[in-house]
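Just protein-v8.txt here, compact mmCIF, C-alpha atoms and all ligand atoms:
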# COMPACT_ATOMS: atom_id res chain seq x y z
CA MET A 267 -49.19 46.39 0.05
CA ARG A 268 -47.59 43.25 1.46
CA ARG A 269 -48.25 40.09 -0.54
CA SER A 270 -47.08 36.46 -0.70
CA LEU A 271 -44.83 35.75 -3.66
CA PHE A 272 -44.89 32.22 -4.99
CA ALA A 273 -41.12 31.71 -5.00
CA GLY A 274 -40.62 27.95 -5.34
CA ILE A 275 -42.45 24.67 -5.80
CA GLY A 276 -41.41 21.04 -5.44
CA GLY A 277 -42.96 17.60 -5.52
CA TYR A 278 -42.08 14.12 -4.32
CA LEU A 279 -43.57 10.86 -5.52
CA PRO A 280 -42.71 7.39 -4.22
CA ALA A 281 -40.66 5.39 -6.72
CA ARG A 282 -43.19 2.56 -6.78
CA SER A 283 -45.95 3.16 -9.33
CA LEU A 284 -48.78 0.69 -9.97
CA THR A 285 -51.07 0.56 -12.99
CA ASN A 286 -54.75 -0.27 -12.48
CA ASP A 287 -54.11 -3.85 -13.56
CA GLN A 288 -51.12 -4.23 -11.24
CA LEU A 289 -53.15 -2.83 -8.32
CA ALA A 290 -56.07 -5.15 -9.04
CA ALA A 291 -53.73 -8.16 -9.17
CA GLU A 292 -51.78 -7.20 -6.03
CA TYR A 293 -54.88 -6.65 -3.86
CA GLN A 294 -57.10 -9.23 -5.60
CA LEU A 295 -59.73 -6.63 -6.47
CA GLU A 296 -62.78 -7.31 -8.56
CA THR A 297 -62.31 -4.34 -10.83
CA SER A 298 -60.96 -3.50 -14.26
CA ASP A 299 -58.66 -0.96 -15.86
CA GLU A 300 -61.61 0.01 -18.07
CA TRP A 301 -63.96 0.76 -15.12
CA ILE A 302 -61.35 2.85 -13.29
CA ARG A 303 -60.33 4.84 -16.38
CA GLU A 304 -63.88 5.46 -17.51
CA ARG A 305 -65.22 6.64 -14.13
CA THR A 306 -62.15 8.51 -12.87
CA GLY A 307 -59.47 8.96 -15.57
CA ILE A 308 -56.97 7.21 -13.29
CA GLU A 309 -54.39 4.98 -14.99
CA ARG A 310 -51.76 4.57 -12.29
CA ARG A 311 -50.72 5.81 -8.83
CA HIS A 312 -47.60 5.91 -6.65
CA ILE A 313 -47.56 3.84 -3.47
CA ALA A 314 -45.12 4.60 -0.63
CA ASN A 315 -42.69 2.08 0.83
CA ALA A 316 -42.12 1.71 4.58
CA GLU A 317 -39.56 4.54 4.71
CA GLU A 318 -41.71 7.01 2.78
CA THR A 319 -43.86 8.59 5.49
CA ALA A 320 -45.76 11.88 5.20
CA ALA A 321 -42.85 13.72 6.84
CA PHE A 322 -40.23 12.01 4.66
CA MET A 323 -42.07 12.88 1.45
CA GLY A 324 -42.94 16.39 2.61
CA ALA A 325 -39.32 17.15 3.51
CA HIS A 326 -38.17 16.02 0.05
CA ALA A 327 -40.77 18.19 -1.66
CA ALA A 328 -39.79 21.15 0.55
CA ARG A 329 -36.09 20.77 -0.33
CA ARG A 330 -37.02 20.95 -4.00
CA ALA A 331 -39.11 24.10 -3.47
CA LEU A 332 -36.22 25.72 -1.56
CA ALA A 333 -33.73 24.72 -4.28
CA MET A 334 -35.95 26.16 -7.01
CA ALA A 335 -36.20 29.48 -5.16
CA GLY A 336 -32.50 29.46 -4.24
CA ILE A 337 -33.50 30.13 -0.63
CA ASP A 338 -31.67 28.70 2.38
CA ALA A 339 -33.84 26.76 4.84
CA THR A 340 -32.63 29.03 7.65
CA ARG A 341 -34.82 31.82 6.22
CA ILE A 342 -38.05 29.83 6.77
CA ASP A 343 -40.07 31.08 9.73
CA CYS A 344 -43.30 29.13 9.20
CA ILE A 345 -44.10 25.61 8.05
CA ILE A 346 -47.71 24.57 7.55
CA VAL A 347 -48.37 20.96 6.61
CA ALA A 348 -51.76 20.00 5.24
CA THR A 349 -52.27 16.31 5.83
CA SER A 350 -54.89 13.79 6.90
CA THR A 351 -52.25 11.09 7.27
CA PRO A 352 -49.66 12.53 9.69
CA ASP A 353 -46.75 10.37 10.88
CA GLN A 354 -48.05 10.77 14.45
CA ALA A 355 -50.85 12.73 16.15
CA PHE A 356 -48.01 14.77 17.65
CA PRO A 357 -45.41 16.06 17.24
CA ALA A 358 -46.95 17.54 14.13
CA THR A 359 -45.59 16.30 10.82
CA ALA A 360 -44.64 19.96 10.19
CA VAL A 361 -42.30 19.85 13.19
CA THR A 362 -40.72 16.58 12.01
CA ILE A 363 -40.16 18.21 8.61
CA GLN A 364 -38.72 21.31 10.30
CA ALA A 365 -36.13 19.13 12.03
CA ALA A 366 -35.38 17.19 8.82
CA LEU A 367 -34.65 20.50 7.07
CA GLY A 368 -32.36 21.62 9.91
CA ILE A 369 -34.58 24.58 10.80
CA THR A 370 -34.62 25.71 14.43
CA GLN A 371 -36.37 29.08 14.16
CA GLY A 372 -40.00 30.03 13.56
CA PHE A 373 -42.99 27.74 14.09
CA ALA A 374 -44.58 24.71 12.44
CA PHE A 375 -47.99 23.08 12.63
CA ASP A 376 -50.32 20.69 10.81
CA LEU A 377 -53.67 21.57 9.34
CA SER A 378 -56.49 19.12 8.69
CA ALA A 379 -58.88 19.90 5.83
CA ALA A 380 -58.65 16.66 3.83
CA CYS A 381 -58.39 17.24 0.06
CA SER A 382 -58.83 21.01 0.51
CA GLY A 383 -55.82 21.08 2.84
CA PHE A 384 -53.41 22.81 0.48
CA VAL A 385 -55.86 25.64 -0.31
CA TYR A 386 -56.55 26.06 3.42
CA ALA A 387 -52.83 26.05 4.31
CA LEU A 388 -52.06 28.52 1.53
CA SER A 389 -54.78 30.81 2.87
CA VAL A 390 -53.41 30.70 6.43
CA ALA A 391 -49.80 31.29 5.31
CA ASP A 392 -50.88 34.15 3.04
CA ALA A 393 -52.81 35.83 5.86
CA MET A 394 -49.80 35.55 8.19
CA ILE A 395 -47.52 37.02 5.54
CA ARG A 396 -49.92 39.90 4.80
CA THR A 397 -50.11 40.84 8.49
CA GLY A 398 -46.32 40.81 8.83
CA GLN A 399 -46.11 37.82 11.19
CA VAL A 400 -44.26 35.64 8.65
CA GLN A 401 -41.53 36.38 6.11
CA ALA A 402 -40.98 33.00 4.45
CA ALA A 403 -43.41 30.10 4.64
CA LEU A 404 -43.31 26.52 3.43
CA VAL A 405 -46.81 25.31 2.59
CA ILE A 406 -46.76 21.55 2.22
CA GLY A 407 -49.38 18.96 1.29
CA THR A 408 -48.25 15.41 2.02
CA GLU A 409 -50.39 12.29 2.08
CA ILE A 410 -50.01 8.57 2.43
CA TYR A 411 -53.55 7.35 1.83
CA SER A 412 -52.32 3.84 0.98
CA ARG A 413 -52.07 3.32 4.78
CA ILE A 414 -55.70 4.31 5.46
CA LEU A 415 -57.45 2.67 2.54
CA ASN A 416 -59.69 -0.32 3.00
CA TRP A 417 -58.11 -2.61 0.42
CA GLN A 418 -61.26 -4.70 0.39
CA ASP A 419 -63.36 -1.72 -0.76
CA ARG A 420 -62.92 -1.45 -4.52
CA GLY A 421 -65.09 1.69 -4.51
CA THR A 422 -62.38 3.70 -2.73
CA CYS A 423 -59.03 1.90 -2.80
CA VAL A 424 -58.52 2.36 -6.55
CA LEU A 425 -58.94 6.14 -6.30
CA PHE A 426 -55.99 7.31 -4.21
CA GLY A 427 -52.21 7.55 -4.35
CA ASP A 428 -49.33 8.80 -2.19
CA GLY A 429 -47.11 11.85 -2.64
CA ALA A 430 -46.18 15.34 -1.46
CA GLY A 431 -45.90 18.85 -2.83
CA ALA A 432 -44.49 22.02 -1.30
CA ALA A 433 -44.70 25.71 -2.11
CA LEU A 434 -42.41 28.42 -0.80
CA LEU A 435 -44.05 31.80 -0.14
CA LEU A 436 -42.02 34.95 0.45
CA ALA A 437 -43.26 38.27 1.81
CA ASP A 438 -43.04 41.01 -0.81
CA GLU A 439 -43.81 44.73 -0.53
CA GLN A 440 -45.61 45.83 -3.70
CA PRO A 441 -46.61 49.35 -4.74
CA ASP A 442 -50.36 49.91 -4.36
CA ASP A 443 -50.68 51.16 -7.94
CA ALA A 444 -48.81 48.22 -9.57
CA PRO A 445 -50.56 45.04 -10.79
CA PRO A 446 -50.35 42.58 -7.90
CA ILE A 447 -48.12 39.49 -8.07
CA GLY A 448 -48.31 36.34 -5.93
CA VAL A 449 -51.33 35.09 -4.00
CA LEU A 450 -54.17 37.44 -5.02
CA SER A 451 -56.90 35.92 -2.86
CA THR A 452 -58.12 32.79 -1.12
CA HIS A 453 -61.71 31.80 -0.37
CA LEU A 454 -62.48 28.97 2.06
CA HIS A 455 -65.67 27.12 2.98
CA ALA A 456 -66.80 24.23 5.15
CA ASP A 457 -70.14 22.57 5.85
CA GLY A 458 -69.97 19.96 8.58
CA ARG A 459 -73.47 18.70 7.84
CA TYR A 460 -71.81 16.56 5.17
CA GLY A 461 -69.14 15.07 7.44
CA ASP A 462 -70.60 11.61 6.96
CA ILE A 463 -70.07 11.35 3.19
CA LEU A 464 -66.25 11.26 3.32
CA TYR A 465 -64.35 10.49 6.51
CA ILE A 466 -61.85 8.29 8.31
CA ASP A 467 -63.61 5.94 10.69
CA GLY A 468 -61.62 6.34 13.85
CA ALA A 469 -59.01 8.52 15.48
CA THR A 470 -55.46 7.97 16.63
CA GLY A 471 -56.75 7.70 20.19
CA GLN A 472 -59.06 4.82 19.24
CA ASN A 473 -56.54 2.15 18.42
CA ASP A 474 -58.86 -0.81 18.90
CA LYS A 475 -59.76 -0.79 15.21
CA PRO A 476 -57.87 0.06 12.04
CA GLN A 477 -58.70 3.44 10.54
CA HIS A 478 -60.09 3.42 7.05
CA LEU A 479 -61.31 5.98 4.57
CA VAL A 480 -65.04 5.75 3.91
CA MET A 481 -66.70 7.61 1.04
CA ASN A 482 -70.08 7.95 -0.54
CA GLY A 483 -68.61 8.82 -3.93
CA ARG A 484 -71.90 9.72 -5.58
CA GLU A 485 -72.80 12.19 -2.84
CA VAL A 486 -69.35 13.82 -2.93
CA PHE A 487 -69.62 14.05 -6.71
CA ARG A 488 -73.05 15.66 -6.39
CA HIS A 489 -71.65 18.49 -4.26
CA ALA A 490 -68.39 18.98 -6.14
CA VAL A 491 -69.01 21.03 -9.26
CA GLY A 492 -71.61 23.44 -7.79
CA LYS A 493 -69.59 24.22 -4.67
CA LEU A 494 -66.32 24.55 -6.59
CA ALA A 495 -67.91 26.81 -9.19
CA GLY A 496 -69.24 29.02 -6.38
CA ALA A 497 -65.77 29.36 -4.84
CA VAL A 498 -64.28 30.18 -8.24
CA GLU A 499 -66.90 32.87 -8.93
CA GLU A 500 -66.08 34.46 -5.58
CA ALA A 501 -62.37 34.50 -6.41
CA LEU A 502 -62.87 36.14 -9.80
CA LYS A 503 -65.34 38.70 -8.46
CA ALA A 504 -63.06 39.67 -5.56
CA ASN A 505 -60.26 40.43 -8.03
CA HIS A 506 -62.44 42.08 -10.72
CA LEU A 507 -61.41 39.35 -13.16
CA THR A 508 -63.33 37.09 -15.53
CA THR A 509 -62.82 33.54 -16.73
CA ALA A 510 -61.10 35.02 -19.83
CA ASP A 511 -58.25 36.24 -17.57
CA ILE A 512 -57.39 32.74 -16.32
CA ASP A 513 -54.28 31.21 -17.90
CA TRP A 514 -54.38 27.92 -15.98
CA LEU A 515 -56.75 25.91 -13.87
CA VAL A 516 -54.86 23.65 -11.44
CA PRO A 517 -57.69 21.77 -9.74
CA HIS A 518 -57.60 19.18 -6.99
CA GLN A 519 -57.15 15.87 -8.78
CA ALA A 520 -59.98 13.60 -7.60
CA ASN A 521 -61.79 12.65 -10.75
CA ARG A 522 -61.28 13.51 -14.43
CA ARG A 523 -65.02 14.05 -14.89
CA ILE A 524 -65.12 16.75 -12.18
CA ILE A 525 -61.98 18.39 -13.62
CA ASP A 526 -63.44 18.43 -17.15
CA ALA A 527 -66.75 19.83 -15.90
CA MET A 528 -64.94 22.69 -14.15
CA GLY A 529 -62.81 23.42 -17.23
CA LYS A 530 -65.96 23.58 -19.34
CA ARG A 531 -67.76 25.81 -16.88
CA LEU A 532 -64.84 28.25 -16.99
CA ASN A 533 -64.67 28.16 -20.81
CA LEU A 534 -61.09 26.89 -20.69
CA ASN A 535 -59.43 24.76 -23.37
CA ASP A 536 -58.13 21.36 -22.34
CA ASN A 537 -54.60 22.71 -22.69
CA GLN A 538 -55.28 25.30 -19.96
CA VAL A 539 -56.16 22.66 -17.37
CA VAL A 540 -53.39 20.78 -15.56
CA VAL A 541 -54.31 17.11 -15.18
CA THR A 542 -52.27 14.66 -13.13
CA VAL A 543 -55.05 12.40 -11.86
CA ASP A 544 -54.20 9.94 -14.66
CA HIS A 545 -50.71 9.21 -13.29
CA HIS A 546 -50.98 10.31 -9.62
CA ALA A 547 -54.61 9.35 -8.79
CA ASN A 548 -56.03 11.37 -5.89
CA THR A 549 -53.24 12.41 -3.51
CA SER A 550 -55.58 14.56 -1.39
CA ALA A 551 -53.82 17.64 0.05
CA ALA A 552 -50.74 16.90 -2.09
CA SER A 553 -52.53 16.91 -5.42
CA ILE A 554 -52.50 20.66 -6.18
CA PRO A 555 -48.86 21.37 -5.24
CA LEU A 556 -47.81 18.22 -7.13
CA ALA A 557 -49.71 19.39 -10.21
CA LEU A 558 -48.28 22.91 -9.87
CA ALA A 559 -44.77 21.48 -9.58
CA GLU A 560 -45.24 19.38 -12.69
CA ALA A 561 -46.62 22.22 -14.83
CA ILE A 562 -44.16 24.86 -13.61
CA ASN A 563 -41.16 22.53 -13.96
CA ASP A 564 -42.09 21.46 -17.50
CA GLY A 565 -42.54 25.11 -18.52
CA ARG A 566 -46.29 25.16 -19.16
CA ILE A 567 -47.00 27.62 -16.34
CA LYS A 568 -44.76 30.64 -16.74
CA PRO A 569 -44.02 33.77 -14.70
CA GLY A 570 -46.88 36.25 -15.11
CA HIS A 571 -49.54 33.59 -15.69
CA LEU A 572 -52.76 33.75 -13.69
CA VAL A 573 -53.40 30.40 -12.00
CA LEU A 574 -56.67 29.35 -10.42
CA ILE A 575 -56.64 26.53 -7.88
CA GLU A 576 -59.68 24.88 -6.34
CA ALA A 577 -60.41 21.85 -4.18
CA LEU A 578 -63.19 20.05 -2.36
CA GLY A 579 -62.78 17.31 0.21
CA GLY A 580 -63.88 15.65 3.42
CA GLY A 581 -65.69 17.92 5.84
CA LEU A 582 -67.04 18.97 3.50
CA THR A 583 -64.35 21.57 2.98
CA TRP A 584 -63.73 23.50 -0.21
CA GLY A 585 -62.07 26.62 -1.50
CA SER A 586 -60.24 28.46 -4.23
CA ALA A 587 -57.21 30.68 -4.70
CA LEU A 588 -55.94 32.94 -7.45
CA ILE A 589 -52.19 33.25 -7.90
CA ARG A 590 -50.25 35.48 -10.29
CA LEU A 591 -46.95 33.63 -10.80
O1 LIG B 601 -60.93 14.01 -3.13
C1 LIG B 601 -62.13 13.87 -2.44
C2 LIG B 601 -63.23 14.09 -3.33
N1 LIG B 601 -63.70 12.84 -3.89
C3 LIG B 601 -64.32 12.85 -5.03
O2 LIG B 601 -64.44 13.88 -5.65
C4 LIG B 601 -64.93 11.57 -5.52
C5 LIG B 601 -66.18 11.87 -6.24
N2 LIG B 601 -66.87 10.67 -6.69
C6 LIG B 601 -66.42 9.92 -7.70
O3 LIG B 601 -65.38 10.20 -8.26
C7 LIG B 601 -67.29 8.76 -8.18
O4 LIG B 601 -68.47 8.77 -7.44
C8 LIG B 601 -66.59 7.39 -8.06
C9 LIG B 601 -65.50 7.30 -9.10
C10 LIG B 601 -66.02 7.22 -6.67
C11 LIG B 601 -67.60 6.27 -8.31
O5 LIG B 601 -68.22 6.45 -9.57
P1 LIG B 601 -69.81 6.29 -9.67
O6 LIG B 601 -70.13 6.46 -11.10
O7 LIG B 601 -70.42 7.26 -8.71
O8 LIG B 601 -70.03 4.79 -9.26
P2 LIG B 601 -70.87 4.17 -8.05
O9 LIG B 601 -70.17 4.36 -6.76
O10 LIG B 601 -72.27 4.67 -8.12
O11 LIG B 601 -70.85 2.63 -8.42
C12 LIG B 601 -71.42 2.15 -9.65
C13 LIG B 601 -71.17 0.67 -9.75
C14 LIG B 601 -71.61 -0.10 -8.51
O12 LIG B 601 -72.11 -1.33 -8.92
P3 LIG B 601 -73.69 -1.56 -8.98
O13 LIG B 601 -74.19 -1.33 -7.60
O14 LIG B 601 -74.20 -0.56 -9.99
O15 LIG B 601 -73.80 -2.99 -9.44
C15 LIG B 601 -70.30 -0.32 -7.77
O16 LIG B 601 -70.35 -1.47 -6.95
O17 LIG B 601 -69.76 0.42 -9.90
C16 LIG B 601 -69.34 -0.53 -8.91
N3 LIG B 601 -67.96 -0.25 -8.56
C17 LIG B 601 -66.91 -0.80 -9.21
N4 LIG B 601 -66.83 -1.65 -10.24
C18 LIG B 601 -65.61 -1.99 -10.68
C19 LIG B 601 -67.50 0.57 -7.59
N5 LIG B 601 -66.16 0.58 -7.60
C20 LIG B 601 -65.76 -0.26 -8.59
C21 LIG B 601 -64.51 -0.66 -9.10
N6 LIG B 601 -64.48 -1.51 -10.13
N7 LIG B 601 -63.34 -0.19 -8.59
Starting from the file, give its structure as structure tokens.
Amino acid sequence: MRRSLFAGIGGYLPARSLTNDQLAAEYQLETSDEWIRERTGIERRHIANAEETAAFMGAHAARRALAMAGIDATRIDCIIVATSTPDQAFPATAVTIQAALGITQGFAFDLSAACSGFVYALSVADAMIRTGQVQAALVIGTEIYSRILNWQDRGTCVLFGDGAGAALLLADEQPDDAPPIGVLSTHLHADGRYGDILYIDGATGQNDKPQHLVMNGREVFRHAVGKLAGAVEEALKANHLTTADIDWLVPHQANRRIIDAMGKRLNLNDNQVVVTVDHHANTSAASIPLALAEAINDGRIKPGHLVLIEALGGGLTWGSALIRL
């Protein structure tokens, strides 16, 4: 059986990091550190400078994933970039990253699924690897929400940060009777009826007004735990596993309350849940690969561990994946 091995992971965060108080002062927001921490768990976030575009950050994260795996960029035959904040409508940010990495073979494209983007991109890359179309894929989430936030809307602008994460997947032939390693399964969902609770008001082609993120936070919250729990149940059932088999939950990092509720629902201890929302805020499609990079690089997640990832975002889109490292 052909599967996708998780061979490398890397993250990139802009150097500039702002605490809640610094953000409030800089943008003259009527908010408080206490409100933000209590409702979201966020303490600080990274904000990109002019040079740090989605492609710039994604390329840095990809180089780190390649270095970790000890793989030369010339072996990559597929780059999928999950982003809602591409450098340009086209060429795709994935193609800009391909050039930055000096890759001239294979193909590269962007994928838009908001905060679920990394799970979606992982699913597409895994399917292409399983069918034999791809040997080595870079799956990148890179976001620069600071450029699409309405800095007058305290209900949204305090929630997001910038950054990128990249995973390197390699095709691997595994015996049918051996315990599988790598991406075990992915489950994706979307329901466009809820497109109006989290969106960007405008498109690149409509340049008569600035594009801003708009969110009905309460409504998104209302959908989050139920839909995520459903996607997790599917993943476990498909692999004949139970919550007791999970070593780590690496959830999308939108809100500490949603993360804690999912951990509880899965009967996990706090020390089995990777949390970065406190120091990264919500980096949308970048949040899961950034969290994976942090927990793999600091030695918490080890080879052989079973990792569950899940995300929900604009669309609504949501999904889950199980990975045996
Ligand atoms: O990654 C995509 C997925 N996104 C999410 O998962 C987000 C899910 N939603 C949430 O995380 C929460 O809904 C928020 C953190 C966004 C908001 O928390 P909430 O408990 O739902 O607050 P709310 O929007 O209902 O607002 C409560 C109050 C309002 O004041 P009034 O009307 O009660 O007087 C807001 O105006 O809090 C006020 N408020 C603020 N106050 C201080 C809103 N934002 C702020 C702020 N500082 N930054």
Might you pull out every residue within 7 Å of segment 349-364 of chain A, with only C-alpha atoms counted and same-chain residues fewer than 3 positions away left off, and present them as a ChimeraX atom specification?
-> /A:319-321,324-325,345-346,367-369,374-378,380,383,407-411,470,551
Generate the output file for the selected residues, C-alpha atoms, as a PDB file, keeping the file's coordinate frame.
ATOM      1  CA  THR A 319     -43.860   8.590   5.490  1.00  0.00           C
ATOM      2  CA  ALA A 320     -45.760  11.880   5.200  1.00  0.00           C
ATOM      3  CA  ALA A 321     -42.850  13.720   6.840  1.00  0.00           C
ATOM      4  CA  GLY A 324     -42.940  16.390   2.610  1.00  0.00           C
ATOM      5  CA  ALA A 325     -39.320  17.150   3.510  1.00  0.00           C
ATOM      6  CA  ILE A 345     -44.100  25.610   8.050  1.00  0.00           C
ATOM      7  CA  ILE A 346     -47.710  24.570   7.550  1.00  0.00           C
ATOM      8  CA  LEU A 367     -34.650  20.500   7.070  1.00  0.00           C
ATOM      9  CA  GLY A 368     -32.360  21.620   9.910  1.00  0.00           C
ATOM     10  CA  ILE A 369     -34.580  24.580  10.800  1.00  0.00           C
ATOM     11  CA  ALA A 374     -44.580  24.710  12.440  1.00  0.00           C
ATOM     12  CA  PHE A 375     -47.990  23.080  12.630  1.00  0.00           C
ATOM     13  CA  ASP A 376     -50.320  20.690  10.810  1.00  0.00           C
ATOM     14  CA  LEU A 377     -53.670  21.570   9.340  1.00  0.00           C
ATOM     15  CA  SER A 378     -56.490  19.120   8.690  1.00  0.00           C
ATOM     16  CA  ALA A 380     -58.650  16.660   3.830  1.00  0.00           C
ATOM     17  CA  GLY A 383     -55.820  21.080   2.840  1.00  0.00           C
ATOM     18  CA  GLY A 407     -49.380  18.960   1.290  1.00  0.00           C
ATOM     19  CA  THR A 408     -48.250  15.410   2.020  1.00  0.00           C
ATOM     20  CA  GLU A 409     -50.390  12.290   2.080  1.00  0.00           C
ATOM     21  CA  ILE A 410     -50.010   8.570   2.430  1.00  0.00           C
ATOM     22  CA  TYR A 411     -53.550   7.350   1.830  1.00  0.00           C
ATOM     23  CA  THR A 470     -55.460   7.970  16.630  1.00  0.00           C
ATOM     24  CA  ALA A 551     -53.820  17.640   0.050  1.00  0.00           C
TER      25      ALA A 551
END
Return as a ChimeraX atom specification the residues of protein, DNA or RNA that approach ligand LIG 601 (chain B) to within 8 Å, with only C-alpha atoms and all ligand atoms taken into account.
-> /A:295-298,301-302,305-306,380-381,419-425,464,481-488,490,518-521,523-524,548-550,577-580
Suppose we keep C-alpha atoms; can you now write the selection as an mmCIF file, in the coordinates of the input?
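Result written to again_8.cif:
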data_model
loop_
_atom_site.group_PDB
_atom_site.id
_atom_site.type_symbol
_atom_site.label_atom_id
_atom_site.label_comp_id
_atom_site.auth_asym_id
_atom_site.auth_seq_id
_atom_site.Cartn_x
_atom_site.Cartn_y
_atom_site.Cartn_z
ATOM 1 C CA LEU A 295 -59.730 -6.630 -6.470
ATOM 2 C CA GLU A 296 -62.780 -7.310 -8.560
ATOM 3 C CA THR A 297 -62.310 -4.340 -10.830
ATOM 4 C CA SER A 298 -60.960 -3.500 -14.260
ATOM 5 C CA TRP A 301 -63.960 0.760 -15.120
ATOM 6 C CA ILE A 302 -61.350 2.850 -13.290
ATOM 7 C CA ARG A 305 -65.220 6.640 -14.130
ATOM 8 C CA THR A 306 -62.150 8.510 -12.870
ATOM 9 C CA ALA A 380 -58.650 16.660 3.830
ATOM 10 C CA CYS A 381 -58.390 17.240 0.060
ATOM 11 C CA ASP A 419 -63.360 -1.720 -0.760
ATOM 12 C CA ARG A 420 -62.920 -1.450 -4.520
ATOM 13 C CA GLY A 421 -65.090 1.690 -4.510
ATOM 14 C CA THR A 422 -62.380 3.700 -2.730
ATOM 15 C CA CYS A 423 -59.030 1.900 -2.800
ATOM 16 C CA VAL A 424 -58.520 2.360 -6.550
ATOM 17 C CA LEU A 425 -58.940 6.140 -6.300
ATOM 18 C CA LEU A 464 -66.250 11.260 3.320
ATOM 19 C CA MET A 481 -66.700 7.610 1.040
ATOM 20 C CA ASN A 482 -70.080 7.950 -0.540
ATOM 21 C CA GLY A 483 -68.610 8.820 -3.930
ATOM 22 C CA ARG A 484 -71.900 9.720 -5.580
ATOM 23 C CA GLU A 485 -72.800 12.190 -2.840
ATOM 24 C CA VAL A 486 -69.350 13.820 -2.930
ATOM 25 C CA PHE A 487 -69.620 14.050 -6.710
ATOM 26 C CA ARG A 488 -73.050 15.660 -6.390
ATOM 27 C CA ALA A 490 -68.390 18.980 -6.140
ATOM 28 C CA HIS A 518 -57.600 19.180 -6.990
ATOM 29 C CA GLN A 519 -57.150 15.870 -8.780
ATOM 30 C CA ALA A 520 -59.980 13.600 -7.600
ATOM 31 C CA ASN A 521 -61.790 12.650 -10.750
ATOM 32 C CA ARG A 523 -65.020 14.050 -14.890
ATOM 33 C CA ILE A 524 -65.120 16.750 -12.180
ATOM 34 C CA ASN A 548 -56.030 11.370 -5.890
ATOM 35 C CA THR A 549 -53.240 12.410 -3.510
ATOM 36 C CA SER A 550 -55.580 14.560 -1.390
ATOM 37 C CA ALA A 577 -60.410 21.850 -4.180
ATOM 38 C CA LEU A 578 -63.190 20.050 -2.360
ATOM 39 C CA GLY A 579 -62.780 17.310 0.210
ATOM 40 C CA GLY A 580 -63.880 15.650 3.420
#
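Considering the residues A:Phe384, A:Trp514, A:Tyr465, A:Tyr460 and counting all atoms listed in the file, Leu582 of chain A has its shortest atom-to-atom contact with A:Tyr460.
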Can you tell me how far atom CA of Ile395 of chain A sits from atom CA of Ala557 of chain A, in Å to one decimal?
-> 23.7 Å
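Distance annotation: of A:Ala432, A:Ala327, A:Ile308, A:Met267, the residue with the minimal separation from Asp287 of chain A is A:Ile308; atom set is all atoms listed in the file.
Distance check against His453 of chain A using only C-alpha atoms: of A:Pro441, A:Pro517, A:Gly585, A:Pro555, the minimum falls on A:Gly585.
You can rank A:Ala587, A:Ile466, A:Ala430, A:Val540 by their closest distance to Val498 of chain A using all atoms listed in the file, and at the top of that list sits A:Ala587.
Among A:Arg310, A:Lys530, A:Arg396, A:Arg341, the residue with the shortest atom-to-atom distance to Leu434 of chain A, counting all atoms listed in the file, is A:Arg341.
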Computed interatomic separation between atom CA of Leu507 of chain A and atom CA of Gln399 of chain A (Å) = 28.8 Å
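When atom CA of Cys344 of chain A is paired with atom CA of Leu450 of chain A, their separation reads 19.7 Å.
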In terms of the shortest atom-to-atom distance over all atoms listed in the file, which of A:Ser586, A:Thr509, A:Ser553, A:Gln418 is closest to Gln294 of chain A?
-> A:Gln418
Selection as a ChimeraX atom specification: residues within 8 Å of (-44.4, 6.7, -1.2), counting all atoms listed in the file | /A:279-282,312-319,323,410,428-429
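Excluding Ile567 of chain A itself and same-chain residues fewer than 5 positions from it, the residues having an atom within 12 Å of it are Ile275, Ile512, Asp513, Trp514, Leu515, Val516, Asn537, Gln538, Val539, Val540, Ala557, Leu558, Ala559, Glu560, Ala561, Ile562, Leu572, Val573, Leu574, Ile589, Arg590 and Leu591 of chain A, counting all atoms listed in the file.
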